[in-house]
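Please read the structure below before turning to the comments.
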Amino acid sequence: MVIKTVLALSTLVLSNLAMAADIPRFKVEAICKEISGNSHEMYDFCIEQEQKSYDQLRDNAESIDPRTMRYCTEGAGDSYEVLLFCVEDETSDDAEPYSHPKSFSFD
């Protein structure tokens, strides 16, 4: 009986671990260098923002649906900040159906 209980608990734990979303590995330094040009301050700011976003994704990975992570990774452009925004937007409780797209104007 004890062995069956241990096996059942082990299976449950392993299945929960398997459901955790994998966080992609982005080349953050290269992206921040490209974005910041020659500005050391902008580079440092970019790295800080990307690190904060990555840490938040990592800390919440087990609660992120892997399908949401895959979908959001496609449009993230190698940015954890954009990835986090997408994941939060897709999993928001108050998310409304998309009905009226916003438009941009130079006027």
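Following the order of the structure tokens, first chain is A, next is B, and so on, with residues numbered from 1 inside each chain and ligands from 1 in the order they appear.
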
Find the spatial neighbours of region 75-90 of chain A, counting only C-alpha atoms, within a cut-off of 6 Å - ignore same-chain residues fewer than 4 positions away - and output them as a PyMOL selection string. chain A and resi 26+50+53-54

For the atom pair CA of Pro24 (chain A) and CA of Thr73 (chain A), what is the interatomic distance in Å to one decimal place? 7.4 Å

Determine, counting only C-alpha atoms, which protein, DNA and RNA residues have an atom within 12 Å of an atom of Asp59 (chain A); residues of the same chain fewer than 3 positions away are not included. Present the result as a PyMOL selection string. chain A and resi 20-23+52-56+62-64+84

Create the file for the chosen residues now, containing C-alpha atoms and written as an mmCIF file, in the first residue's frame.
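Full text of part_18.cif as output:
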```cif
data_model
loop_
_atom_site.group_PDB
_atom_site.id
_atom_site.type_symbol
_atom_site.label_atom_id
_atom_site.label_comp_id
_atom_site.auth_asym_id
_atom_site.auth_seq_id
_atom_site.Cartn_x
_atom_site.Cartn_y
_atom_site.Cartn_z
ATOM 1 C CA ALA A 20 5.438 23.785 -16.575
ATOM 2 C CA ALA A 21 6.126 26.052 -19.523
ATOM 3 C CA ASP A 22 9.646 26.074 -20.912
ATOM 4 C CA ILE A 23 11.108 29.562 -21.055
ATOM 5 C CA LYS A 52 13.234 41.488 -14.302
ATOM 6 C CA SER A 53 10.918 40.073 -16.953
ATOM 7 C CA TYR A 54 12.859 36.810 -17.236
ATOM 8 C CA ASP A 55 12.881 36.383 -13.454
ATOM 9 C CA GLN A 56 9.121 36.891 -13.297
ATOM 10 C CA GLU A 62 4.776 26.270 -13.603
ATOM 11 C CA SER A 63 1.539 28.245 -13.780
ATOM 12 C CA ILE A 64 1.952 29.258 -17.444
ATOM 13 C CA LEU A 84 5.994 38.586 -20.302
#
```

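Note that the spacing between CA of Val28 (chain A) and CA of Ala61 (chain A) amounts to 18.8 Å.
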
List every residue of region 29-84 of chain A that DSSP, applied to the backbone of this structure, places in alpha helix (DSSP H), and write the result as a PyMOL selection string. chain A and resi 29-36+40-59+66-74+80-84

Would you output that residue set with N, CA and C atoms, as a compact mmCIF listing (two decimals), in the first residue's frame?
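In the end it all went to part_19.txt:
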```
# COMPACT_ATOMS: atom_id res chain seq x y z
N GLU A 29 21.89 40.01 -24.45
CA GLU A 29 22.98 40.99 -24.62
C GLU A 29 23.02 41.52 -26.05
N ALA A 30 22.85 40.63 -27.02
CA ALA A 30 22.89 41.06 -28.43
C ALA A 30 21.72 41.97 -28.76
N ILE A 31 20.53 41.64 -28.27
CA ILE A 31 19.35 42.46 -28.53
C ILE A 31 19.50 43.82 -27.87
N CYS A 32 19.95 43.84 -26.62
CA CYS A 32 20.11 45.12 -25.91
C CYS A 32 21.19 45.98 -26.56
N LYS A 33 22.23 45.35 -27.06
CA LYS A 33 23.28 46.10 -27.74
C LYS A 33 22.72 46.73 -29.02
N GLU A 34 21.92 45.96 -29.74
CA GLU A 34 21.32 46.47 -30.98
C GLU A 34 20.36 47.63 -30.68
N ILE A 35 19.56 47.49 -29.66
CA ILE A 35 18.58 48.51 -29.31
C ILE A 35 19.25 49.78 -28.80
N SER A 36 20.28 49.63 -27.99
CA SER A 36 20.88 50.77 -27.30
C SER A 36 21.89 51.56 -28.12
N HIS A 40 25.56 53.45 -23.11
CA HIS A 40 25.76 52.50 -22.01
C HIS A 40 24.57 52.49 -21.06
N GLU A 41 23.97 53.66 -20.85
CA GLU A 41 22.82 53.77 -19.96
C GLU A 41 21.62 52.99 -20.52
N MET A 42 21.38 53.13 -21.81
CA MET A 42 20.27 52.41 -22.43
C MET A 42 20.52 50.90 -22.42
N TYR A 43 21.76 50.51 -22.63
CA TYR A 43 22.11 49.10 -22.59
C TYR A 43 21.82 48.53 -21.20
N ASP A 44 22.31 49.23 -20.17
CA ASP A 44 22.09 48.76 -18.80
C ASP A 44 20.61 48.71 -18.46
N PHE A 45 19.85 49.72 -18.88
CA PHE A 45 18.41 49.74 -18.64
C PHE A 45 17.74 48.56 -19.32
N CYS A 46 18.11 48.28 -20.56
CA CYS A 46 17.56 47.16 -21.31
C CYS A 46 17.84 45.85 -20.59
N ILE A 47 19.08 45.64 -20.17
CA ILE A 47 19.46 44.41 -19.46
C ILE A 47 18.64 44.28 -18.18
N GLU A 48 18.50 45.37 -17.43
CA GLU A 48 17.73 45.33 -16.18
C GLU A 48 16.28 44.94 -16.43
N GLN A 49 15.66 45.53 -17.44
CA GLN A 49 14.26 45.24 -17.75
C GLN A 49 14.09 43.80 -18.21
N GLU A 50 15.00 43.35 -19.06
CA GLU A 50 14.94 41.97 -19.54
C GLU A 50 15.13 40.98 -18.39
N GLN A 51 16.05 41.30 -17.46
CA GLN A 51 16.29 40.42 -16.32
C GLN A 51 15.07 40.33 -15.42
N LYS A 52 14.45 41.47 -15.14
CA LYS A 52 13.23 41.49 -14.30
C LYS A 52 12.13 40.65 -14.94
N SER A 53 11.97 40.81 -16.25
CA SER A 53 10.92 40.07 -16.95
C SER A 53 11.22 38.58 -16.97
N TYR A 54 12.47 38.23 -17.24
CA TYR A 54 12.86 36.81 -17.24
C TYR A 54 12.62 36.19 -15.86
N ASP A 55 13.04 36.90 -14.81
CA ASP A 55 12.88 36.38 -13.45
C ASP A 55 11.41 36.14 -13.13
N GLN A 56 10.56 37.05 -13.55
CA GLN A 56 9.12 36.89 -13.30
C GLN A 56 8.57 35.69 -14.07
N LEU A 57 8.99 35.54 -15.31
CA LEU A 57 8.56 34.37 -16.10
C LEU A 57 9.06 33.08 -15.45
N ARG A 58 10.32 33.07 -15.04
CA ARG A 58 10.90 31.88 -14.41
C ARG A 58 10.16 31.52 -13.13
N ASP A 59 9.87 32.52 -12.31
CA ASP A 59 9.20 32.27 -11.04
C ASP A 59 7.77 31.77 -11.21
N PRO A 66 1.84 25.82 -21.34
CA PRO A 66 2.86 25.71 -22.39
C PRO A 66 2.38 26.20 -23.76
N ARG A 67 1.08 26.06 -24.04
CA ARG A 67 0.56 26.56 -25.33
C ARG A 67 0.63 28.08 -25.39
N THR A 68 0.35 28.74 -24.27
CA THR A 68 0.45 30.20 -24.21
C THR A 68 1.89 30.63 -24.39
N MET A 69 2.81 29.91 -23.75
CA MET A 69 4.23 30.25 -23.88
C MET A 69 4.70 30.10 -25.32
N ARG A 70 4.29 29.02 -25.99
CA ARG A 70 4.70 28.82 -27.39
C ARG A 70 4.14 29.93 -28.27
N TYR A 71 2.87 30.25 -28.09
CA TYR A 71 2.22 31.29 -28.87
C TYR A 71 2.93 32.64 -28.67
N CYS A 72 3.18 32.98 -27.43
CA CYS A 72 3.79 34.28 -27.13
C CYS A 72 5.25 34.34 -27.57
N THR A 73 5.95 33.22 -27.52
CA THR A 73 7.36 33.20 -27.93
C THR A 73 7.50 33.55 -29.41
N GLU A 74 6.53 33.14 -30.22
CA GLU A 74 6.59 33.41 -31.65
C GLU A 74 6.66 34.91 -31.97
N TYR A 80 12.31 39.23 -23.37
CA TYR A 80 11.55 38.68 -22.25
C TYR A 80 10.48 39.66 -21.79
N GLU A 81 10.73 40.94 -21.95
CA GLU A 81 9.73 41.94 -21.57
C GLU A 81 8.48 41.81 -22.45
N VAL A 82 8.67 41.65 -23.75
CA VAL A 82 7.55 41.46 -24.66
C VAL A 82 6.88 40.11 -24.40
N LEU A 83 7.67 39.09 -24.14
CA LEU A 83 7.13 37.77 -23.84
C LEU A 83 6.27 37.82 -22.58
N LEU A 84 6.76 38.47 -21.54
CA LEU A 84 5.99 38.59 -20.30
C LEU A 84 4.70 39.35 -20.53
```
